[in-house]
Amino acid sequence: MMQCIARMAALLLMLGLVSLAWAEQESPVETDEATGVTAELARLVGSEEQRIQAFYALRDFRPAWQDVDAVAALTSALHTLESDGLRPADYRPDELRARHRAVNEQQGSPAEQAQYDLFATRMLLTAMAHLQRGKVDPKSLDTGWEVPVADPDFSLAAVSSAVDRQRFETLFSEVRPDFVPYERLRSGLARYRNIERLGGWPRLPERERSLRLGDVSDDVVLLRERLAVIGELEVMAADTDAFPGVELEAPDPRRFDSRLEAAVKRFQRRHLLEPDGIVGRQTRAALNVPVERRIDQIRLNMERARWLLHGLPDAFVLVDIAGYRLSYFRPDGEVWRSRVVVGLPYRRTPSLRSEITHMTVNPTWTIPPTIRRNDVLPQIRRDLGYLERENISVLSPSGVRLDPREIDWSNPGNVVLRQGAGPQNALGRLAIRFPNDHLVYLHDTPAQGLFAREQRAFSSGCIRVENIRELAQLLFDDTNSGHDIEARIASGRTQEVSLARRMPVVIHYWTVNPGEDGELSFRPDIYERDDELLRALDRPLAL
């Protein structure tokens, strides 16, 4: 056993999980029974994962869960993980209590006590890992996932101390993602669960006719109630009977007035619907999504946040795919935002994490194979003049220009199609580049009108950015690159311009976004990823 203890202590020190000074502290005096459990822990712990081994080596294999109050405090804290969208049942709080009681009542052997101790520690560390980095492995859902999820990172010395002091909720608060968007999602989850406890919200009947300003209907009463549940209290008419003798403005609750129209527009904006103030098919469908479904959406987006919200630098570019937004968090703390166009549902923009290295000014565009096959070749076969109108050259694989009239367009082989630089180039005047396996990038576009749409999934996977020249200049300035983007573009020359320092970029997918006011914006699941993630999140944990 002494050899095992020595090996564990050496492992702990090599992992840097405790200082020499801590390792040299004397262990608390143990009873004979506790000494027996310590010996069994030292014998059994070798089959556990490395973090559990290190935890017990740190404690000199002293048991952590002999005190019934510690077990009670742990199980109580595990139930609070529901507020983070996790399933407390995954961490076996009921089993923890029952097994502890059984071991005590039956005066379990040191081996049985040690096995229970390892089980309880495993549950605690698993819960902490899930709270910090997520329960679901994103690669299990998306084989093309490129955003690294770091291993859990917390102090085992702090865990050991929290166990001895029974301060588990404090321990959880220290490993929970410490970012404002996560806390806003957590607050939103509590708010929507309260709505669920109060009975949810009314459902609007399905109608062929839209509701709009000036309409008088019983459906308008339901609409007012529905919006009031989520905080639009001004749409509710005052109850004149409650204040006799006082003159109160009491609009007809059945009439669709301008105040209600304004509230509908706010709802539409939060759900990426056209803010016309009319309750048509899409708005009615969004209003009728049950509160239980909204709760699930919040939960699964908290899981996405746990994957991402760690190790972020002070300055980085963040692309929110489902929200069609780009945010550049600048070194000075300011945030520059813009609208973006992302990939179609069948040409999805991938989630990834990389670093912006350079920009292509006045880019040419070598048409990718999929777009070449599905979009461009059918146009050429219909009309060879398409090539000239779109400024597309036909090249051999080695770059030799070919005569398009001599190509058999029914079977063109491996010819290369390249669009020349200019204002009508599909990439516009600028592309912002970063290494990734999907060959996607940020770029300008001649189709500026698409940015006015509320839902903007129109591209072939790359990301079109509104006002990209402004973003480019900010990146040049903030990295001390010393370039003038307008002068570079005005030259008309195709050129690669490097940043003096790389700028991190994160492209990710959220279907719920918490605003600065705490209000939640629910987005359409354009890539149909929510249901698969929810099933994985709710799948009972196998341990």
# chains A, B, ... in the order shown; residues from 1 in each chain; ligands from 1

call {"tool": "residues_around", "arguments": {"residues": "Leu189 of chain A", "least_positions_apart": "5", "cutoff": "9 Å", "atoms": "only C-alpha atoms", "output": "PDB file with N, CA and C atoms, in the first residue's frame"}}
result
ATOM      1  N   SER A  83     -30.950  24.287 -12.525  1.00  0.00           N
ATOM      2  CA  SER A  83     -30.945  25.697 -12.922  1.00  0.00           C
ATOM      3  C   SER A  83     -29.942  25.977 -14.034  1.00  0.00           C
ATOM      4  N   ASP A  84     -29.071  25.008 -14.331  1.00  0.00           N
ATOM      5  CA  ASP A  84     -28.135  25.127 -15.447  1.00  0.00           C
ATOM      6  C   ASP A  84     -28.568  24.279 -16.635  1.00  0.00           C
ATOM      7  N   GLY A  85     -29.778  23.767 -16.593  1.00  0.00           N
ATOM      8  CA  GLY A  85     -30.291  22.978 -17.697  1.00  0.00           C
ATOM      9  C   GLY A  85     -29.800  21.547 -17.713  1.00  0.00           C
ATOM     10  N   ARG A 184     -27.220  35.243 -18.187  1.00  0.00           N
ATOM     11  CA  ARG A 184     -28.516  35.709 -18.694  1.00  0.00           C
ATOM     12  C   ARG A 184     -29.374  34.540 -19.147  1.00  0.00           C
ATOM     13  N   ASN A 194     -40.696  29.413 -14.280  1.00  0.00           N
ATOM     14  CA  ASN A 194     -41.737  29.990 -13.439  1.00  0.00           C
ATOM     15  C   ASN A 194     -43.026  30.174 -14.233  1.00  0.00           C
ATOM     16  N   ARG A 294     -39.683  26.125 -25.259  1.00  0.00           N
ATOM     17  CA  ARG A 294     -38.766  27.246 -25.062  1.00  0.00           C
ATOM     18  C   ARG A 294     -37.772  26.934 -23.937  1.00  0.00           C
ATOM     19  N   ILE A 295     -38.239  26.264 -22.905  1.00  0.00           N
ATOM     20  CA  ILE A 295     -37.334  25.860 -21.820  1.00  0.00           C
ATOM     21  C   ILE A 295     -36.254  24.924 -22.361  1.00  0.00           C
ATOM     22  N   ASP A 296     -36.650  23.972 -23.179  1.00  0.00           N
ATOM     23  CA  ASP A 296     -35.664  23.062 -23.769  1.00  0.00           C
ATOM     24  C   ASP A 296     -34.671  23.814 -24.644  1.00  0.00           C
ATOM     25  N   ILE A 298     -33.647  26.877 -24.289  1.00  0.00           N
ATOM     26  CA  ILE A 298     -32.702  27.570 -23.407  1.00  0.00           C
ATOM     27  C   ILE A 298     -31.682  26.576 -22.867  1.00  0.00           C
ATOM     28  N   ARG A 299     -32.140  25.411 -22.430  1.00  0.00           N
ATOM     29  CA  ARG A 299     -31.236  24.408 -21.861  1.00  0.00           C
ATOM     30  C   ARG A 299     -30.165  23.979 -22.858  1.00  0.00           C
TER      31      ARG A 299
END

call {"tool": "residues_around", "arguments": {"residues": "segment 42-51 of chain A", "least_positions_apart": "3", "cutoff": "6 Å", "atoms": "only C-alpha atoms", "output": "short mmCIF file (atom, residue, chain, number, x, y, z; two decimals) with N, CA and C atoms, in the first residue's frame"}}
result
data_model
loop_
_atom_site.label_atom_id
_atom_site.label_comp_id
_atom_site.auth_asym_id
_atom_site.auth_seq_id
_atom_site.Cartn_x
_atom_site.Cartn_y
_atom_site.Cartn_z
N ALA A 39 -6.86 2.49 3.57
CA ALA A 39 -6.10 1.42 2.93
C ALA A 39 -6.85 0.88 1.71
N ALA A 54 -5.84 11.48 -8.46
CA ALA A 54 -5.14 12.65 -7.94
C ALA A 54 -5.88 13.25 -6.74
N PHE A 61 -5.40 9.67 0.68
CA PHE A 61 -6.39 8.60 0.61
C PHE A 61 -7.37 8.61 1.77
#

call {"tool": "residues_around", "arguments": {"residues": "Met123 of chain A", "least_positions_apart": "5", "cutoff": "9 Å", "atoms": "only C-alpha atoms", "output": "list in words"}}
result
Asp90, Tyr91, Arg92, Pro93, Leu96, Leu118 and Met128 of chain A

call {"tool": "residues_around", "arguments": {"residues": "Tyr441 of chain A", "least_positions_apart": "3", "cutoff": "7 Å", "atoms": "only C-alpha atoms", "output": "ChimeraX atom specification"}}
result
/A:431-434,462-463

call {"tool": "write_last_selection", "arguments": {"atoms": "N, CA and C atoms", "output": "JSON list (two decimals), in the first residue's frame"}}
result
[["chain", "number", "residue", "atom", "x", "y", "z"],
["A", 431, "ALA", "N", -11.97, 39.69, -48.95],
["A", 431, "ALA", "CA", -12.19, 38.42, -48.23],
["A", 431, "ALA", "C", -11.25, 38.39, -47.03],
["A", 432, "ILE", "N", -11.78, 37.99, -45.88],
["A", 432, "ILE", "CA", -10.99, 37.88, -44.64],
["A", 432, "ILE", "C", -10.76, 36.40, -44.38],
["A", 433, "ARG", "N", -9.49, 36.01, -44.30],
["A", 433, "ARG", "CA", -9.12, 34.59, -44.33],
["A", 433, "ARG", "C", -8.64, 34.08, -42.97],
["A", 434, "PHE", "N", -8.92, 32.79, -42.72],
["A", 434, "PHE", "CA", -8.43, 32.11, -41.52],
["A", 434, "PHE", "C", -8.35, 30.62, -41.83],
["A", 462, "CYS", "N", -19.85, 30.10, -46.92],
["A", 462, "CYS", "CA", -19.06, 31.22, -46.45],
["A", 462, "CYS", "C", -19.97, 32.31, -45.89],
["A", 463, "ILE", "N", -19.38, 33.30, -45.25],
["A", 463, "ILE", "CA", -20.14, 34.29, -44.50],
["A", 463, "ILE", "C", -19.96, 35.67, -45.14]]

call {"tool": "atom_distance", "arguments": {"atom1": "atom CA of Asp117 of chain A", "atom2": "atom CA of Trp65 of chain A"}}
result
5.6 Å

call {"tool": "closest_residue", "arguments": {"among": "A:Phe119, A:Phe267, A:Tyr509, A:Tyr328", "to": "Ile468 of chain A", "atoms": "only C-alpha atoms"}}
result
A:Tyr328

call {"tool": "closest_residue", "arguments": {"among": "A:Ser187, A:Ser161, A:Gln113, A:Ser481", "to": "Glu519 of chain A", "atoms": "only C-alpha atoms"}}
result
A:Ser187

call {"tool": "closest_residue", "arguments": {"among": "A:Arg284, A:Arg186, A:Arg353, A:Lys265", "to": "Arg203 of chain A", "atoms": "only C-alpha atoms"}}
result
A:Arg284

call {"tool": "residues_around", "arguments": {"residues": "Ala536 of chain A", "least_positions_apart": "6", "cutoff": "12 Å", "atoms": "only C-alpha atoms", "output": "NGL selection string"}}
result
:A and (86-87 or 134-141 or 299-300 or 303 or 529-530 or 542)

call {"tool": "write_last_selection", "arguments": {"atoms": "C-alpha atoms", "output": "PDB file, in the first residue's frame"}}
result
ATOM      1  CA  LEU A  86     -28.600  19.741 -16.600  1.00  0.00           C
ATOM      2  CA  ARG A  87     -30.383  16.621 -15.324  1.00  0.00           C
ATOM      3  CA  GLY A 134     -20.789  20.430 -21.057  1.00  0.00           C
ATOM      4  CA  LYS A 135     -22.270  16.946 -20.823  1.00  0.00           C
ATOM      5  CA  VAL A 136     -22.495  16.213 -24.556  1.00  0.00           C
ATOM      6  CA  ASP A 137     -19.439  15.787 -26.770  1.00  0.00           C
ATOM      7  CA  PRO A 138     -20.179  18.059 -29.774  1.00  0.00           C
ATOM      8  CA  LYS A 139     -18.123  15.818 -32.042  1.00  0.00           C
ATOM      9  CA  SER A 140     -20.621  13.040 -31.422  1.00  0.00           C
ATOM     10  CA  LEU A 141     -23.255  15.215 -33.111  1.00  0.00           C
ATOM     11  CA  ARG A 299     -31.236  24.408 -21.861  1.00  0.00           C
ATOM     12  CA  LEU A 300     -29.577  23.160 -25.031  1.00  0.00           C
ATOM     13  CA  GLU A 303     -24.936  23.427 -23.249  1.00  0.00           C
ATOM     14  CA  ARG A 529     -29.629  20.819 -34.848  1.00  0.00           C
ATOM     15  CA  ASP A 530     -31.692  21.427 -31.717  1.00  0.00           C
ATOM     16  CA  ALA A 542     -24.203   5.833 -18.276  1.00  0.00           C
TER      17      ALA A 542
END

call {"tool": "select_by_dssp", "arguments": {"residues": "segment 82-121 of chain A", "states": "helix (DSSP H, G or I)", "output": "NGL selection string"}}
result
:A and (82-84 or 88-91 or 93-105 or 110-121)

call {"tool": "atom_distance", "arguments": {"atom1": "atom CA of Arg101 of chain A", "atom2": "atom CA of Asp60 of chain A"}}
result
25.0 Å

call {"tool": "residues_around", "arguments": {"residues": "segment 499-507 of chain A", "least_positions_apart": "5", "cutoff": "8 Å", "atoms": "only C-alpha atoms", "output": "NGL selection string"}}
result
:A and (147 or 313 or 315-321 or 350-359 or 475-476 or 479-481)

call {"tool": "select_by_dssp", "arguments": {"residues": "segment 231-342 of chain A", "states": "strand (DSSP E or B)", "output": "PyMOL selection string"}}
result
chain A and resi 255+279+316-320+325-329+335-342

call {"tool": "write_last_selection", "arguments": {"atoms": "C-alpha atoms", "output": "short mmCIF file (atom, residue, chain, number, x, y, z; two decimals), in the first residue's frame"}}
result
data_model
loop_
_atom_site.label_atom_id
_atom_site.label_comp_id
_atom_site.auth_asym_id
_atom_site.auth_seq_id
_atom_site.Cartn_x
_atom_site.Cartn_y
_atom_site.Cartn_z
CA ARG A 255 -59.52 45.67 -30.21
CA VAL A 279 -50.03 38.18 -36.60
CA PHE A 316 -11.96 38.20 -30.98
CA VAL A 317 -14.50 38.01 -33.81
CA LEU A 318 -17.67 36.04 -33.07
CA VAL A 319 -20.09 34.92 -35.78
CA ASP A 320 -23.56 33.90 -34.55
CA ARG A 325 -24.84 38.51 -36.64
CA LEU A 326 -21.13 39.20 -36.35
CA SER A 327 -19.65 40.83 -33.25
CA TYR A 328 -16.06 42.03 -33.02
CA PHE A 329 -14.99 42.37 -29.39
CA VAL A 335 -18.04 45.87 -29.59
CA TRP A 336 -18.54 46.36 -33.34
CA ARG A 337 -21.56 44.54 -34.76
CA SER A 338 -22.87 43.79 -38.21
CA ARG A 339 -25.40 41.67 -40.06
CA VAL A 340 -24.24 38.59 -41.97
CA VAL A 341 -25.54 36.15 -44.55
CA VAL A 342 -24.77 32.48 -43.76
#

call {"tool": "residues_around", "arguments": {"residues": "Ala34 of chain A", "least_positions_apart": "2", "cutoff": "12 Å", "atoms": "only C-alpha atoms", "output": "list of chain:residue names"}}
result
A:Pro28, A:Val29, A:Glu30, A:Thr31, A:Asp32, A:Gly36, A:Val37, A:Thr38, A:Ala39, A:Glu40, A:Leu41, A:Asp60, A:Phe61, A:Arg62, A:Pro63, A:Ala64, A:Trp65, A:Gln66, A:Asp67, A:Ser109, A:Pro110, A:Ala111, A:Gln113, A:Ala114, A:Asp117

call {"tool": "write_last_selection", "arguments": {"atoms": "N, CA, C and O atoms", "output": "tab-separated table (two decimals), in the first residue's frame"}}
result
chain	number	residue	atom	x	y	z
A	28	PRO	N	-4.94	14.40	8.85
A	28	PRO	CA	-5.65	14.38	10.12
A	28	PRO	C	-5.55	13.00	10.76
A	28	PRO	O	-5.41	11.98	10.09
A	29	VAL	N	-5.63	12.99	12.09
A	29	VAL	CA	-5.60	11.73	12.82
A	29	VAL	C	-6.85	10.93	12.49
A	29	VAL	O	-7.96	11.46	12.51
A	30	GLU	N	-6.72	9.66	12.14
A	30	GLU	CA	-7.84	8.84	11.73
A	30	GLU	C	-8.13	7.77	12.76
A	30	GLU	O	-7.24	7.30	13.48
A	31	THR	N	-9.40	7.35	12.82
A	31	THR	CA	-9.79	6.20	13.63
A	31	THR	C	-9.31	4.94	12.94
A	31	THR	O	-8.92	4.95	11.77
A	32	ASP	N	-9.37	3.83	13.67
A	32	ASP	CA	-8.97	2.55	13.08
A	32	ASP	C	-9.84	2.23	11.87
A	32	ASP	O	-9.36	1.72	10.85
A	36	GLY	N	-8.75	1.81	7.93
A	36	GLY	CA	-9.07	0.67	7.07
A	36	GLY	C	-9.64	1.12	5.74
A	36	GLY	O	-9.32	0.56	4.67
A	37	VAL	N	-10.50	2.14	5.77
A	37	VAL	CA	-11.07	2.67	4.53
A	37	VAL	C	-9.98	3.32	3.69
A	37	VAL	O	-9.94	3.16	2.46
A	38	THR	N	-9.06	4.04	4.35
A	38	THR	CA	-7.94	4.65	3.64
A	38	THR	C	-7.13	3.59	2.90
A	38	THR	O	-6.75	3.78	1.73
A	39	ALA	N	-6.86	2.49	3.57
A	39	ALA	CA	-6.10	1.42	2.93
A	39	ALA	C	-6.85	0.88	1.71
A	39	ALA	O	-6.24	0.60	0.66
A	40	GLU	N	-8.16	0.72	1.83
A	40	GLU	CA	-8.94	0.20	0.71
A	40	GLU	C	-8.99	1.21	-0.44
A	40	GLU	O	-8.94	0.83	-1.61
A	41	LEU	N	-9.08	2.49	-0.10
A	41	LEU	CA	-9.07	3.52	-1.15
A	41	LEU	C	-7.75	3.48	-1.92
A	41	LEU	O	-7.73	3.57	-3.16
A	60	ASP	N	-4.18	12.10	0.90
A	60	ASP	CA	-3.51	10.94	1.49
A	60	ASP	C	-4.47	9.77	1.64
A	60	ASP	O	-4.41	9.01	2.61
A	61	PHE	N	-5.40	9.67	0.68
A	61	PHE	CA	-6.39	8.60	0.61
A	61	PHE	C	-7.37	8.61	1.77
A	61	PHE	O	-8.03	7.62	2.06
A	62	ARG	N	-7.49	9.76	2.41
A	62	ARG	CA	-8.47	9.93	3.48
A	62	ARG	C	-9.87	9.93	2.88
A	62	ARG	O	-10.13	10.63	1.89
A	63	PRO	N	-10.83	9.16	3.39
A	63	PRO	CA	-12.18	9.13	2.81
A	63	PRO	C	-12.86	10.50	2.89
A	63	PRO	O	-12.62	11.29	3.81
A	64	ALA	N	-13.72	10.76	1.90
A	64	ALA	CA	-14.36	12.08	1.80
A	64	ALA	C	-15.82	12.07	2.22
A	64	ALA	O	-16.39	13.13	2.49
A	65	TRP	N	-16.46	10.88	2.28
A	65	TRP	CA	-17.91	10.85	2.38
A	65	TRP	C	-18.42	9.99	3.52
A	65	TRP	O	-19.49	9.38	3.42
A	66	GLN	N	-17.72	9.99	4.65
A	66	GLN	CA	-18.22	9.22	5.78
A	66	GLN	C	-19.27	9.99	6.59
A	66	GLN	O	-20.09	9.39	7.27
A	67	ASP	N	-19.26	11.31	6.46
A	67	ASP	CA	-20.19	12.17	7.21
A	67	ASP	C	-21.52	12.25	6.45
A	67	ASP	O	-21.57	12.67	5.29
A	109	SER	N	-18.22	-3.02	5.30
A	109	SER	CA	-16.79	-3.26	5.45
A	109	SER	C	-16.00	-2.07	4.92
A	109	SER	O	-16.53	-1.23	4.18
A	110	PRO	N	-14.71	-1.96	5.29
A	110	PRO	CA	-13.89	-0.89	4.73
A	110	PRO	C	-13.90	-0.88	3.20
A	110	PRO	O	-13.92	0.19	2.59
A	111	ALA	N	-13.95	-2.05	2.57
A	111	ALA	CA	-13.97	-2.11	1.11
A	111	ALA	C	-15.27	-1.52	0.57
A	111	ALA	O	-15.27	-0.77	-0.42
A	113	GLN	N	-17.21	0.68	2.12
A	113	GLN	CA	-17.16	2.13	2.37
A	113	GLN	C	-16.27	2.83	1.34
A	113	GLN	O	-16.60	3.93	0.86
A	114	ALA	N	-15.15	2.21	1.00
A	114	ALA	CA	-14.25	2.80	0.01
A	114	ALA	C	-14.92	2.86	-1.36
A	114	ALA	O	-14.78	3.85	-2.09
A	117	ASP	N	-17.25	5.70	-1.35
A	117	ASP	CA	-16.52	6.96	-1.39
A	117	ASP	C	-16.11	7.30	-2.82
A	117	ASP	O	-16.26	8.45	-3.28

call {"tool": "closest_residue", "arguments": {"among": "A:Pro404, A:Val221, A:Val235, A:Ser398", "to": "Tyr386 of chain A", "atoms": "only C-alpha atoms"}}
result
A:Pro404

call {"tool": "atom_distance", "arguments": {"atom1": "atom CA of Asp178 of chain A", "atom2": "atom CA of Met302 of chain A"}}
result
12.4 Å
